[in-house]
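Visitor: Enclosed is the structure file input.cif (mmCIF, C-alpha atoms and all ligand atoms; chains and numbers go by the auth columns).
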data_structure
loop_
_atom_site.group_PDB
_atom_site.id
_atom_site.type_symbol
_atom_site.label_atom_id
_atom_site.label_comp_id
_atom_site.label_asym_id
_atom_site.label_seq_id
_atom_site.Cartn_x
_atom_site.Cartn_y
_atom_site.Cartn_z
_atom_site.B_iso_or_equiv
_atom_site.auth_seq_id
_atom_site.auth_asym_id
ATOM 1 C CA MET A 1 0.000 0.000 0.000 0.00 1 N
ATOM 2 C CA ARG A 2 1.233 3.499 -0.848 0.00 2 N
ATOM 3 C CA VAL A 3 0.514 6.427 1.410 0.00 3 N
ATOM 4 C CA ALA A 4 0.700 10.181 0.832 0.00 4 N
ATOM 5 C CA VAL A 5 1.367 12.182 4.000 0.00 5 N
ATOM 6 C CA LEU A 6 0.295 15.810 4.503 0.00 6 N
ATOM 7 C CA ALA A 7 2.119 17.641 7.287 0.00 7 N
ATOM 8 C CA SER A 8 2.912 21.160 8.428 0.00 8 N
ATOM 9 C CA GLY A 9 5.236 20.784 11.386 0.00 9 N
ATOM 10 C CA ARG A 10 7.760 18.643 13.161 0.00 10 N
ATOM 11 C CA GLY A 11 6.951 15.457 11.287 0.00 11 N
ATOM 12 C CA SER A 12 7.211 13.099 14.252 0.00 12 N
ATOM 13 C CA ASN A 13 4.149 11.165 13.067 0.00 13 N
ATOM 14 C CA LEU A 14 5.650 10.906 9.589 0.00 14 N
ATOM 15 C CA GLU A 15 8.799 9.607 11.218 0.00 15 N
ATOM 16 C CA ALA A 16 6.790 7.036 13.178 0.00 16 N
ATOM 17 C CA LEU A 17 5.210 5.788 9.943 0.00 17 N
ATOM 18 C CA LEU A 18 8.631 5.481 8.304 0.00 18 N
ATOM 19 C CA ARG A 19 10.069 3.708 11.369 0.00 19 N
ATOM 20 C CA HIS A 20 7.244 1.149 11.522 0.00 20 N
ATOM 21 C CA ALA A 21 7.589 0.555 7.767 0.00 21 N
ATOM 22 C CA ARG A 22 11.334 -0.052 8.171 0.00 22 N
ATOM 23 C CA SER A 23 10.719 -2.512 11.004 0.00 23 N
ATOM 24 C CA GLY A 24 8.215 -4.410 8.847 0.00 24 N
ATOM 25 C CA LEU A 25 5.285 -3.971 11.264 0.00 25 N
ATOM 26 C CA LEU A 26 3.702 -1.530 8.829 0.00 26 N
ATOM 27 C CA GLU A 27 3.244 -2.928 5.338 0.00 27 N
ATOM 28 C CA ALA A 28 2.921 0.433 3.624 0.00 28 N
ATOM 29 C CA GLY A 29 5.348 2.877 2.081 0.00 29 N
ATOM 30 C CA VAL A 30 5.212 6.659 2.133 0.00 30 N
ATOM 31 C CA GLY A 31 5.450 7.735 -1.502 0.00 31 N
ATOM 32 C CA LEU A 32 4.810 11.449 -1.103 0.00 32 N
ATOM 33 C CA LEU A 33 4.980 14.207 1.480 0.00 33 N
ATOM 34 C CA VAL A 34 3.069 17.414 0.835 0.00 34 N
ATOM 35 C CA THR A 35 3.580 20.352 3.169 0.00 35 N
ATOM 36 C CA ASP A 36 1.969 23.775 3.241 0.00 36 N
ATOM 37 C CA ARG A 37 4.989 25.122 5.141 0.00 37 N
ATOM 38 C CA PRO A 38 8.062 25.117 2.921 0.00 38 N
ATOM 39 C CA GLY A 39 11.147 24.316 4.964 0.00 39 N
ATOM 40 C CA ALA A 40 9.182 22.835 7.893 0.00 40 N
ATOM 41 C CA PRO A 41 11.051 20.099 9.802 0.00 41 N
ATOM 42 C CA CYS A 42 8.783 17.422 8.262 0.00 42 N
ATOM 43 C CA VAL A 43 10.505 18.086 4.902 0.00 43 N
ATOM 44 C CA GLN A 44 13.849 17.067 6.372 0.00 44 N
ATOM 45 C CA VAL A 45 12.273 13.995 7.992 0.00 45 N
ATOM 46 C CA ALA A 46 10.888 12.969 4.580 0.00 46 N
ATOM 47 C CA ARG A 47 14.188 13.509 2.783 0.00 47 N
ATOM 48 C CA GLU A 48 16.202 11.636 5.415 0.00 48 N
ATOM 49 C CA GLY A 49 13.625 8.861 5.479 0.00 49 N
ATOM 50 C CA GLY A 50 13.873 8.328 1.722 0.00 50 N
ATOM 51 C CA VAL A 51 10.372 9.525 0.798 0.00 51 N
ATOM 52 C CA PRO A 52 10.631 9.638 -3.008 0.00 52 N
ATOM 53 C CA ALA A 53 8.586 12.807 -3.604 0.00 53 N
ATOM 54 C CA VAL A 54 8.323 15.975 -1.525 0.00 54 N
ATOM 55 C CA VAL A 55 6.023 18.787 -2.617 0.00 55 N
ATOM 56 C CA GLU A 56 6.112 22.143 -0.844 0.00 56 N
ATOM 57 C CA LEU A 57 2.817 23.827 -1.640 0.00 57 N
ATOM 58 C CA PRO A 58 2.651 27.158 0.206 0.00 58 N
ATOM 59 C CA PRO A 59 -0.800 28.533 0.924 0.00 59 N
ATOM 60 C CA GLY A 60 -1.997 31.399 -1.245 0.00 60 N
ATOM 61 C CA LYS A 61 -4.898 33.655 -0.325 0.00 61 N
ATOM 62 C CA ASP A 62 -7.493 31.665 -2.201 0.00 62 N
ATOM 63 C CA ALA A 63 -8.755 28.519 -0.438 0.00 63 N
ATOM 64 C CA ALA A 64 -10.460 27.191 -3.602 0.00 64 N
ATOM 65 C CA ALA A 65 -7.246 27.511 -5.626 0.00 65 N
ATOM 66 C CA TYR A 66 -5.314 25.699 -2.892 0.00 66 N
ATOM 67 C CA ASP A 67 -7.907 22.937 -2.863 0.00 67 N
ATOM 68 C CA GLU A 68 -7.500 22.525 -6.651 0.00 68 N
ATOM 69 C CA ALA A 69 -3.712 22.561 -6.475 0.00 69 N
ATOM 70 C CA LEU A 70 -3.588 20.032 -3.646 0.00 70 N
ATOM 71 C CA ALA A 71 -6.118 17.779 -5.380 0.00 71 N
ATOM 72 C CA ALA A 72 -3.989 17.878 -8.549 0.00 72 N
ATOM 73 C CA VAL A 73 -0.845 16.877 -6.640 0.00 73 N
ATOM 74 C CA LEU A 74 -2.627 14.044 -4.845 0.00 74 N
ATOM 75 C CA LEU A 75 -4.461 12.756 -7.911 0.00 75 N
ATOM 76 C CA GLY A 76 -1.154 12.806 -9.813 0.00 76 N
ATOM 77 C CA ASP A 77 0.373 10.597 -7.129 0.00 77 N
ATOM 78 C CA ALA A 78 -2.704 8.360 -6.793 0.00 78 N
ATOM 79 C CA PRO A 79 -1.980 7.029 -3.282 0.00 79 N
ATOM 80 C CA ASP A 80 -4.071 4.282 -1.712 0.00 80 N
ATOM 81 C CA LEU A 81 -4.441 6.380 1.437 0.00 81 N
ATOM 82 C CA VAL A 82 -3.856 10.027 2.407 0.00 82 N
ATOM 83 C CA VAL A 83 -2.641 10.599 5.973 0.00 83 N
ATOM 84 C CA LEU A 84 -2.901 13.959 7.702 0.00 84 N
ATOM 85 C CA ALA A 85 -0.051 14.038 10.207 0.00 85 N
ATOM 86 C CA GLY A 86 -0.344 17.502 11.694 0.00 86 N
ATOM 87 C CA PHE A 87 -1.564 19.223 8.517 0.00 87 N
ATOM 88 C CA MET A 88 -2.842 22.571 9.687 0.00 88 N
ATOM 89 C CA ARG A 89 -5.045 23.426 6.696 0.00 89 N
ATOM 90 C CA ILE A 90 -8.673 22.429 6.368 0.00 90 N
ATOM 91 C CA LEU A 91 -9.211 20.262 3.305 0.00 91 N
ATOM 92 C CA GLY A 92 -11.538 21.562 0.609 0.00 92 N
ATOM 93 C CA PRO A 93 -14.275 19.795 -1.362 0.00 93 N
ATOM 94 C CA ARG A 94 -12.055 18.808 -4.325 0.00 94 N
ATOM 95 C CA VAL A 95 -9.613 16.876 -2.147 0.00 95 N
ATOM 96 C CA LEU A 96 -12.348 15.397 0.038 0.00 96 N
ATOM 97 C CA GLY A 97 -14.372 14.351 -3.006 0.00 97 N
ATOM 98 C CA ALA A 98 -11.379 12.719 -4.682 0.00 98 N
ATOM 99 C CA PHE A 99 -10.563 10.460 -1.704 0.00 99 N
ATOM 100 C CA PRO A 100 -13.791 9.378 0.036 0.00 100 N
ATOM 101 C CA HIS A 101 -12.960 7.360 3.171 0.00 101 N
ATOM 102 C CA LYS A 102 -9.352 7.368 2.081 0.00 102 N
ATOM 103 C CA ILE A 103 -8.100 10.258 4.196 0.00 103 N
ATOM 104 C CA VAL A 104 -7.068 9.609 7.794 0.00 104 N
ATOM 105 C CA ASN A 105 -6.272 12.190 10.477 0.00 105 N
ATOM 106 C CA VAL A 106 -4.686 11.842 13.896 0.00 106 N
ATOM 107 C CA HIS A 107 -5.988 14.160 16.610 0.00 107 N
ATOM 108 C CA PRO A 108 -4.571 14.658 20.118 0.00 108 N
ATOM 109 C CA SER A 109 -7.726 14.006 22.146 0.00 109 N
ATOM 110 C CA LEU A 110 -10.388 11.384 22.633 0.00 110 N
ATOM 111 C CA LEU A 111 -12.829 12.724 20.054 0.00 111 N
ATOM 112 C CA PRO A 112 -15.491 14.043 20.124 0.00 112 N
ATOM 113 C CA ALA A 113 -13.989 15.801 23.161 0.00 113 N
ATOM 114 C CA PHE A 114 -11.686 18.719 22.454 0.00 114 N
ATOM 115 C CA LYS A 115 -11.948 19.210 18.701 0.00 115 N
ATOM 116 C CA GLY A 116 -9.865 21.918 17.057 0.00 116 N
ATOM 117 C CA ALA A 117 -6.335 23.212 17.125 0.00 117 N
ATOM 118 C CA ASN A 118 -5.717 23.423 20.902 0.00 118 N
ATOM 119 C CA ALA A 119 -6.925 20.029 22.047 0.00 119 N
ATOM 120 C CA VAL A 120 -4.194 19.374 24.616 0.00 120 N
ATOM 121 C CA ARG A 121 -4.572 22.808 26.230 0.00 121 N
ATOM 122 C CA SER A 122 -8.360 22.439 26.298 0.00 122 N
ATOM 123 C CA ALA A 123 -8.150 19.046 28.007 0.00 123 N
ATOM 124 C CA LEU A 124 -6.003 20.555 30.767 0.00 124 N
ATOM 125 C CA ARG A 125 -8.214 23.650 31.103 0.00 125 N
ATOM 126 C CA HIS A 126 -11.308 21.503 31.465 0.00 126 N
ATOM 127 C CA GLY A 127 -9.647 19.359 34.111 0.00 127 N
ATOM 128 C CA ALA A 128 -9.920 16.180 32.044 0.00 128 N
ATOM 129 C CA ARG A 129 -8.643 13.199 34.046 0.00 129 N
ATOM 130 C CA VAL A 130 -8.188 11.027 30.976 0.00 130 N
ATOM 131 C CA THR A 131 -7.262 12.011 27.439 0.00 131 N
ATOM 132 C CA GLY A 132 -5.490 10.427 24.484 0.00 132 N
ATOM 133 C CA CYS A 133 -5.511 10.373 20.731 0.00 133 N
ATOM 134 C CA THR A 134 -7.942 9.416 17.992 0.00 134 N
ATOM 135 C CA THR A 135 -7.562 8.463 14.367 0.00 135 N
ATOM 136 C CA HIS A 136 -10.549 9.079 12.122 0.00 136 N
ATOM 137 C CA PHE A 137 -11.579 9.323 8.509 0.00 137 N
ATOM 138 C CA VAL A 138 -11.700 12.915 7.345 0.00 138 N
ATOM 139 C CA THR A 139 -14.974 14.439 6.208 0.00 139 N
ATOM 140 C CA ALA A 140 -16.168 18.026 5.793 0.00 140 N
ATOM 141 C CA ASP A 141 -17.107 17.910 9.495 0.00 141 N
ATOM 142 C CA LEU A 142 -13.894 19.174 11.120 0.00 142 N
ATOM 143 C CA ASP A 143 -12.462 16.525 13.508 0.00 143 N
ATOM 144 C CA GLY A 144 -15.879 14.879 13.227 0.00 144 N
ATOM 145 C CA GLY A 145 -15.436 12.058 10.697 0.00 145 N
ATOM 146 C CA PRO A 146 -15.907 8.407 11.702 0.00 146 N
ATOM 147 C CA GLY A 147 -13.456 7.353 14.417 0.00 147 N
ATOM 148 C CA ILE A 148 -11.092 4.442 13.746 0.00 148 N
ATOM 149 C CA LEU A 149 -8.820 3.861 16.753 0.00 149 N
ATOM 150 C CA GLN A 150 -8.189 5.525 20.090 0.00 150 N
ATOM 151 C CA ALA A 151 -5.760 5.089 22.960 0.00 151 N
ATOM 152 C CA ALA A 152 -6.014 6.776 26.337 0.00 152 N
ATOM 153 C CA VAL A 153 -3.713 8.026 29.084 0.00 153 N
ATOM 154 C CA ALA A 154 -4.430 9.434 32.533 0.00 154 N
ATOM 155 C CA VAL A 155 -3.678 13.125 33.034 0.00 155 N
ATOM 156 C CA ARG A 156 -1.163 13.304 35.895 0.00 156 N
ATOM 157 C CA PRO A 157 -1.595 16.043 38.507 0.00 157 N
ATOM 158 C CA GLU A 158 1.835 17.452 37.613 0.00 158 N
ATOM 159 C CA ASP A 159 1.163 17.558 33.843 0.00 159 N
ATOM 160 C CA ASP A 160 1.560 20.793 31.914 0.00 160 N
ATOM 161 C CA GLU A 161 0.771 21.250 28.242 0.00 161 N
ATOM 162 C CA ASP A 162 4.238 20.109 27.105 0.00 162 N
ATOM 163 C CA SER A 163 4.391 16.967 29.227 0.00 163 N
ATOM 164 C CA LEU A 164 0.837 15.956 28.334 0.00 164 N
ATOM 165 C CA ARG A 165 1.444 16.593 24.642 0.00 165 N
ATOM 166 C CA SER A 166 4.509 14.396 24.640 0.00 166 N
ATOM 167 C CA GLN A 167 2.573 11.584 26.379 0.00 167 N
ATOM 168 C CA ILE A 168 -0.164 11.865 23.764 0.00 168 N
ATOM 169 C CA GLN A 169 2.315 12.006 20.905 0.00 169 N
ATOM 170 C CA ALA A 170 3.945 8.802 22.140 0.00 170 N
ATOM 171 C CA LEU A 171 0.498 7.221 21.733 0.00 171 N
ATOM 172 C CA GLU A 172 -0.037 8.813 18.316 0.00 172 N
ATOM 173 C CA HIS A 173 3.246 7.320 17.113 0.00 173 N
ATOM 174 C CA GLN A 174 1.735 3.869 17.611 0.00 174 N
ATOM 175 C CA VAL A 175 -1.942 4.484 16.897 0.00 175 N
ATOM 176 C CA LEU A 176 -1.418 6.214 13.535 0.00 176 N
ATOM 177 C CA PRO A 177 0.880 3.523 12.052 0.00 177 N
ATOM 178 C CA ARG A 178 -1.474 0.881 13.465 0.00 178 N
ATOM 179 C CA THR A 179 -4.412 2.580 11.732 0.00 179 N
ATOM 180 C CA VAL A 180 -2.549 2.650 8.420 0.00 180 N
ATOM 181 C CA GLN A 181 -1.701 -1.037 8.849 0.00 181 N
ATOM 182 C CA LEU A 182 -5.393 -1.849 9.400 0.00 182 N
ATOM 183 C CA ALA A 183 -6.157 -0.004 6.165 0.00 183 N
ATOM 184 C CA ALA A 184 -3.348 -1.894 4.408 0.00 184 N
ATOM 185 C CA GLU A 185 -4.854 -5.173 5.610 0.00 185 N
ATOM 186 C CA GLY A 186 -8.232 -4.110 4.182 0.00 186 N
ATOM 187 C CA ARG A 187 -9.833 -4.356 7.629 0.00 187 N
ATOM 188 C CA LEU A 188 -11.574 -0.960 7.766 0.00 188 N
ATOM 189 C CA ARG A 189 -15.132 -0.626 6.535 0.00 189 N
ATOM 190 C CA VAL A 190 -17.386 2.393 6.991 0.00 190 N
ATOM 191 C CA GLU A 191 -21.072 1.679 7.333 0.00 191 N
ATOM 192 C CA ASP A 192 -23.756 4.129 8.468 0.00 192 N
ATOM 193 C CA GLY A 193 -21.055 6.596 9.512 0.00 193 N
ATOM 194 C CA ARG A 194 -19.259 4.091 11.751 0.00 194 N
ATOM 195 C CA VAL A 195 -15.990 2.293 11.193 0.00 195 N
ATOM 196 C CA HIS A 196 -15.975 -1.463 11.581 0.00 196 N
ATOM 197 C CA VAL A 197 -12.598 -3.100 12.180 0.00 197 N
ATOM 198 C CA ALA A 198 -12.524 -6.671 10.918 0.00 198 N
ATOM 199 C CA PRO A 199 -10.880 -9.185 13.251 0.00 199 N
ATOM 200 C CA GLY A 200 -7.290 -10.145 12.529 0.00 200 N
ATOM 201 C CA PRO A 201 -3.756 -9.940 13.839 0.00 201 N
ATOM 202 C CA SER A 202 -3.004 -7.328 16.478 0.00 202 N
ATOM 203 C CA TRP A 203 0.016 -5.334 17.584 0.00 203 N
ATOM 204 C CA HIS A 204 -0.560 -6.181 21.262 0.00 204 N
ATOM 205 C CA GLY A 205 2.683 -7.747 22.434 0.00 205 N
ATOM 206 C CA ARG A 206 4.511 -6.577 19.323 0.00 206 N
ATOM 207 C CA VAL A 207 5.098 -2.965 20.330 0.00 207 N
ATOM 208 C CA GLU A 208 6.267 -1.592 23.682 0.00 208 N
ATOM 209 C CA PRO A 209 3.150 -0.049 25.276 0.00 209 N
ATOM 210 C CA VAL A 210 3.322 3.541 26.558 0.00 210 N
ATOM 211 C CA ALA A 211 3.357 3.265 30.383 0.00 211 N
ATOM 212 C CA GLY A 212 -0.131 3.469 31.833 0.00 212 N
ATOM 213 C CA ALA A 213 -1.877 3.717 28.454 0.00 213 N
ATOM 214 C CA LEU A 214 -5.112 1.973 27.624 0.00 214 N
ATOM 215 C CA TYR A 215 -5.323 0.471 24.130 0.00 215 N
ATOM 216 C CA PRO A 216 -8.574 -0.608 22.515 0.00 216 N
ATOM 217 C CA ASP A 217 -9.486 -3.820 20.808 0.00 217 N
ATOM 218 C CA GLY A 218 -8.270 -3.570 17.249 0.00 218 N
ATOM 219 C CA PHE A 219 -4.893 -2.147 18.199 0.00 219 N
HETATM 220 C C1 LIG B . 0.120 15.817 16.295 0.00 1 I
HETATM 221 O O1 LIG B . 0.116 15.925 17.676 0.00 1 I
HETATM 222 C C2 LIG B . -1.297 15.622 15.778 0.00 1 I
HETATM 223 O O2 LIG B . -2.164 15.128 16.728 0.00 1 I
HETATM 224 C C3 LIG B . -1.720 17.008 15.426 0.00 1 I
HETATM 225 O O3 LIG B . -0.557 17.642 14.976 0.00 1 I
HETATM 226 C C4 LIG B . 0.574 17.081 15.622 0.00 1 I
HETATM 227 C C5 LIG B . 1.619 16.841 14.585 0.00 1 I
HETATM 228 O O4 LIG B . 2.857 16.535 15.137 0.00 1 I
HETATM 229 N N1 LIG B . -2.794 16.924 14.447 0.00 1 I
HETATM 230 P P1 LIG B . 4.051 16.038 14.207 0.00 1 I
HETATM 231 O O5 LIG B . 4.300 17.106 13.163 0.00 1 I
HETATM 232 O O6 LIG B . 3.683 14.727 13.618 0.00 1 I
HETATM 233 O O7 LIG B . 5.241 15.931 15.136 0.00 1 I
#
As structure tokens, please, write out the structure in this file.
Guide:
Amino acid sequence: MRVAVLASGRGSNLEALLRHARSGLLEAGVGLLVTDRPGAPCVQVAREGGVPAVVELPPGKDAAAYDEALAAVLLGDAPDLVVLAGFMRILGPRVLGAFPHKIVNVHPSLLPAFKGANAVRSALRHGARVTGCTTHFVTADLDGGPGILQAAVAVRPEDDEDSLRSQIQALEHQVLPRTVQLAAEGRLRVEDGRVHVAPGPSWHGRVEPVAGALYPDGF
């Protein structure tokens, strides 16, 4: 399976995908990275990780033109799956329409709690005792598409935004590759707006769990 990754930042989730592919746990290759932030660290991660194509597509003023341009890049690459790994732009109708149930996002909360750009901060502000990460299919409903996998961690009394974010990212670095592997195995089916994960092999016992984390069935 060939994956196109869209990212805007550090690229640690891209790196996790590349690492799991190298180890053989993930049977998918990243064929393309597209970033909206030329020179962002994710570009370096892609180059060092041997991603064959890197496209730096800076945002213009016109959202519709960006949607067209991004759709053209993705359709030209024709990936089996598009993965949003910290892509900070909202996808437009051209891209969404070209890849129905083929775009996955990773979000740093247990959706539907704490949608939006400041999920980790919001969890702390609301005094959440448990949070985590969610992967979901992307639809026009921002952070609202059908959920695929989640994993949870307890919020420790001493946590600040940085420490909680790094706990959650450690989870993301397993849950996102695991989600892509489920897609590669053809085990994800969307019916009536819900994702069904077909039974099959699991990663329990094959990856080192994050201390204290709770993983769902299907991991
Ligand atoms: C991740 O925490 C993800 O949940 C959010 O953006 C962040 C991207 O981090 N959507 P990185 O660029 O993969 O390090």
Visitor: Could you please determine the separation between CA of Gln150 in chain N and CA of Arg22 in chain N in Å, to one decimal place?
Guide: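 Separating CA of Gln150 in chain N from CA of Arg22 in chain N is a distance of 23.5 Å.
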Visitor: The centre and edge lengths of an axis-aligned box containing all atoms of ligand LIG 1 (chain I) present in the file, extended by 5 Å on each side, are to be given in Å to one decimal, as lines of an AutoDock Vina configuration file.
Guide:
center_x = 1.2
center_y = 16.2
center_z = 15.4
size_x = 18.0
size_y = 12.9
size_z = 14.5
Visitor: Taking all atoms listed in the file into account, which residues have an atom no farther than 8 Å from ligand LIG 1 (chain I)? I'd like them as a list of chain:residue names.
Guide: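 Checked against 8 Å with all atoms listed in the file; the hits are N:Ala7, N:Ser8, N:Gly9, N:Arg10, N:Gly11, N:Ser12, N:Asn13, N:Leu14, N:Glu15, N:Cys42, N:Leu84, N:Ala85, N:Gly86, N:Phe87, N:Met88, N:Asn105, N:Val106, N:His107, N:Pro108, N:Ser109, N:Ala117, N:Cys133, N:Arg165, N:Ile168, N:Gln169, N:Glu172.
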Visitor: Go through N:Val51, N:Ala113, N:Ala198, N:Val30 and flag the residue nearest Arg2 in chain N, using all atoms listed in the file for the distances.
Guide: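 Ranked by minimum distance to Arg2 in chain N, first place goes to N:Val30.
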Visitor: For Gly193 in chain N, please output as a list in words all residues within 9 Å (counting all atoms listed in the file; exclusion window: fewer than 3 positions along the same chain).
Guide: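 Returned residues: Gly145, Pro146 and Val190 of chain N.
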Visitor: Mind pulling up the distance from CA of Thr35 in chain N to CA of Gly92 in chain N?
Guide: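 Between CA of Gly92 in chain N and CA of Thr35 in chain N the gap works out to 15.4 Å.
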Visitor: Report, in Å with one decimal, the straight-line distance from CA of Val207 in chain N to CA of Val5 in chain N.
Guide: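 The value is 22.6 Å.
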Visitor: Point out the residue among N:Pro216, N:Pro93, N:Gly49, N:Gly29 with the least atom-to-atom distance to Leu70 in chain N, counting all atoms listed in the file.
Guide: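 Looking only at the distances to Leu70 in chain N, the closest residue turns out to be N:Pro93.
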Visitor: Taking N, CA, C and O atoms as the atom set, what does range 173-184 of chain N look like once completed, written as a tab-separated table (two decimals), in the frame of the given file?
Guide:
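See result-v2.tsv below for the written result:
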chain	number	residue	atom	x	y	z
N	173	HIS	N	2.20	7.96	17.92
N	173	HIS	CA	3.25	7.32	17.11
N	173	HIS	C	3.04	5.82	16.99
N	173	HIS	O	3.71	5.16	16.20
N	174	GLN	N	2.12	5.27	17.78
N	174	GLN	CA	1.74	3.87	17.61
N	174	GLN	C	0.37	3.74	16.95
N	174	GLN	O	0.15	2.88	16.10
N	175	VAL	N	-0.54	4.62	17.36
N	175	VAL	CA	-1.94	4.48	16.90
N	175	VAL	C	-2.07	4.85	15.41
N	175	VAL	O	-2.83	4.20	14.68
N	176	LEU	N	-1.32	5.84	14.96
N	176	LEU	CA	-1.42	6.21	13.54
N	176	LEU	C	-0.84	5.11	12.63
N	176	LEU	O	-1.54	4.67	11.70
N	177	PRO	N	0.39	4.64	12.89
N	177	PRO	CA	0.88	3.52	12.05
N	177	PRO	C	-0.03	2.30	12.12
N	177	PRO	O	-0.25	1.62	11.12
N	178	ARG	N	-0.58	2.03	13.32
N	178	ARG	CA	-1.47	0.88	13.46
N	178	ARG	C	-2.73	1.06	12.58
N	178	ARG	O	-3.21	0.11	11.96
N	179	THR	N	-3.23	2.27	12.55
N	179	THR	CA	-4.41	2.58	11.73
N	179	THR	C	-4.10	2.36	10.25
N	179	THR	O	-4.91	1.77	9.51
N	180	VAL	N	-2.93	2.82	9.83
N	180	VAL	CA	-2.55	2.65	8.42
N	180	VAL	C	-2.39	1.16	8.11
N	180	VAL	O	-2.79	0.68	7.04
N	181	GLN	N	-1.84	0.41	9.07
N	181	GLN	CA	-1.70	-1.04	8.85
N	181	GLN	C	-3.07	-1.71	8.72
N	181	GLN	O	-3.26	-2.59	7.88
N	182	LEU	N	-4.03	-1.28	9.53
N	182	LEU	CA	-5.39	-1.85	9.40
N	182	LEU	C	-5.95	-1.56	8.01
N	182	LEU	O	-6.59	-2.42	7.39
N	183	ALA	N	-5.70	-0.35	7.52
N	183	ALA	CA	-6.16	0.00	6.16
N	183	ALA	C	-5.43	-0.88	5.14
N	183	ALA	O	-6.05	-1.39	4.20
N	184	ALA	N	-4.13	-1.07	5.35
N	184	ALA	CA	-3.35	-1.89	4.41
N	184	ALA	C	-3.85	-3.33	4.39
N	184	ALA	O	-3.81	-4.01	3.35
